[in-house]
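Asker: Below is one structure. I have some questions about it.
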Amino acid sequence: MTTTTTPKPKIKRRRKRTKNHYFTQVHEDAIVRYSQTQCVRERTELYVKLIQPAFDQMVDKIVFTYKFTNLPNCDSLRDECKIWLMTILDKYDQSKGSKAFSYFSVITKNWFIHKVKRQQKRNRREVDYDNISKSHEEEFLSTNESYLTVREETEFWDSFYQEIKSWDETQMKDNDLKVYKAIIVLFESKEDIEIFNKKAIYLYLRELTGLNTKQIVNSLKKFRKKYYSFKDDWEGGML
């Protein structure tokens, strides 16, 4: 008597899902190379082909993961953050031990957290004046520091504008001079500028100078040192 054995059914094994890694070792290496080379052409190629697309996805994912979408003008802030990351790209130092992805992820998250805190402060300052009774209005206005804050900021920027006008144009290279003159135009036209954020500023500078963003950023880095020097003197009471 022969017995037949029924074959066991084959168990289909599911393939492991592969994650869509938008920030790979290739992008890490591109950032390291960017920070090491001074060749403008090579930096531009690395940024456009590899770094910028990775930054775009990184910022978008962080915004949605941490619910920063609740911020007003979130789309503008995302664009502003991406531009800002480009301006600090060469500050990454591989020798300090952190991966580029971790380094810029933390910076991006902290950048948006700072925006959240500023928005929370702004919300707390917004008071419905119509609901303030006359008896409390004088007390409220006497303790309100907004007037002093605005006045101090106005005096600072007016003084900095005079400082800028005193800079020696003869010592500037062609691109720096173009950016310098464009900055003067922006200061003199500040009342007519409706959107005053970094993205808009870069667009204005590109229109006024005819330079690309990278060229503008390189010139602004030089002027930023002068700005911080002026700011330190201002806050130290030397001006």
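Convention: chains lettered A, B, ... in structure tokens order; per-chain residue numbering from 1; ligands numbered from 1 as shown.
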Compile the contact shell of Arg41 in chain A as a list in words: residues with an atom at most 12 Å away, counting only C-alpha atoms, same-chain residues fewer than 6 positions apart removed.

Answerer: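 Listed by chain and then number, they are Tyr34, Tyr47, Val48, Lys214 and Gln215 of chain A.
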
Asker: Quick one: residues within 9 Å of Thr213 in chain A, only C-alpha atoms counted, chain neighbours fewer than 6 positions away excluded, as a ChimeraX atom specification?

Answerer: /A:202-203,205-206

Asker: Output C-alpha atoms for every residue in the selection just made, as a short mmCIF file (atom, residue, chain, number, x, y, z; two decimals), in the first residue's frame.

Answerer:
data_model
loop_
_atom_site.label_atom_id
_atom_site.label_comp_id
_atom_site.auth_asym_id
_atom_site.auth_seq_id
_atom_site.Cartn_x
_atom_site.Cartn_y
_atom_site.Cartn_z
CA TYR A 202 17.55 87.80 -3.23
CA LEU A 203 15.08 88.32 -6.08
CA LEU A 205 19.26 91.82 -5.71
CA ARG A 206 19.30 89.57 -8.75
#

Asker: Using only C-alpha atoms, which of the listed residues (A:Phe223, A:Trp234, A:Phe187, A:Phe64) sits closest to Met172 in chain A?

Answerer: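 Among the listed residues, A:Phe223 lies closest to Met172 in chain A.
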
Asker: Please identify all polymer residues within 12 Å of Asp29 in chain A, counting only C-alpha atoms, omitting same-chain residues fewer than 3 positions from it, and present them as an MDAnalysis selection string.

Answerer: chainID A and resid 23:26 32:36 46:47 50:51 92 94 99:101

Asker: Please list as a VMD selection string every residue within 10 Å of Ala182 in chain A, counting only C-alpha atoms and excluding residues in the same chain fewer than 5 positions away.

Answerer: chain A and resid 176 to 177 187 to 188 204 to 209

Asker: Next, the residues of the selection above should be written as a tab-separated table (two decimals), in the first residue's frame with N, CA and C atoms.

Answerer:
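Contents of selection_4.tsv, freshly written:
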chain	number	residue	atom	x	y	z
A	176	ASP	N	31.09	92.82	-6.03
A	176	ASP	CA	30.81	93.39	-4.71
A	176	ASP	C	30.22	94.79	-4.83
A	177	LEU	N	30.75	95.54	-5.78
A	177	LEU	CA	30.27	96.91	-5.98
A	177	LEU	C	28.82	96.91	-6.46
A	187	PHE	N	17.72	99.94	0.67
A	187	PHE	CA	17.54	100.77	1.86
A	187	PHE	C	16.71	102.01	1.54
A	188	GLU	N	17.02	102.63	0.43
A	188	GLU	CA	16.32	103.87	0.06
A	188	GLU	C	14.90	103.61	-0.42
A	204	TYR	N	15.20	90.69	-5.52
A	204	TYR	CA	15.47	92.09	-5.81
A	204	TYR	C	16.94	92.30	-6.20
A	205	LEU	N	17.83	91.66	-5.44
A	205	LEU	CA	19.26	91.82	-5.71
A	205	LEU	C	19.64	91.26	-7.09
A	206	ARG	N	19.03	90.14	-7.44
A	206	ARG	CA	19.30	89.57	-8.75
A	206	ARG	C	18.83	90.50	-9.87
A	207	GLU	N	17.67	91.12	-9.66
A	207	GLU	CA	17.15	92.04	-10.67
A	207	GLU	C	18.03	93.27	-10.79
A	208	LEU	N	18.49	93.78	-9.65
A	208	LEU	CA	19.26	95.03	-9.65
A	208	LEU	C	20.69	94.84	-10.14
A	209	THR	N	21.27	93.68	-9.87
A	209	THR	CA	22.69	93.48	-10.19
A	209	THR	C	22.93	92.70	-11.48

Asker: Do you know which residues are at most 9 Å from Leu220 in chain A counting only C-alpha atoms, after dropping those on the same chain fewer than 4 positions away, and could you put them as a count of residues only?

Answerer: 7

Asker: So, with only C-alpha atoms as the atoms that count, which of A:Thr170, A:Ser76, A:Thr108, A:Thr87 lies closest to Met58 in chain A?

Answerer: A:Thr108

Asker: Can you measure CA of Ile83 in chain A to CA of Ile184 in chain A for me? One decimal in Å is fine.

Answerer: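 One can read the CA of Ile83 in chain A to CA of Ile184 in chain A distance as 21.6 Å.
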
Asker: At a cut-off of 9 Å, using only C-alpha atoms, what residues contact range 67-70 of chain A? Leave out same-chain residues fewer than 3 positions from it and give the result as JSON, numbers by chain.

Answerer: {"A": [62, 63, 64, 73, 74, 75, 112, 113, 116]}

Asker: State, in Å with one decimal place, the distance from CA of Val40 in chain A to CA of Lys221 in chain A.

Answerer: 14.8 Å

Asker: Here is a test: counting only C-alpha atoms, which residue of A:Leu85, A:Ala54, A:Ala30, A:Ile107 is nearest to Glu42 in chain A?

Answerer: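 That would be A:Ala30, the residue with the smallest distance to Glu42 in chain A.
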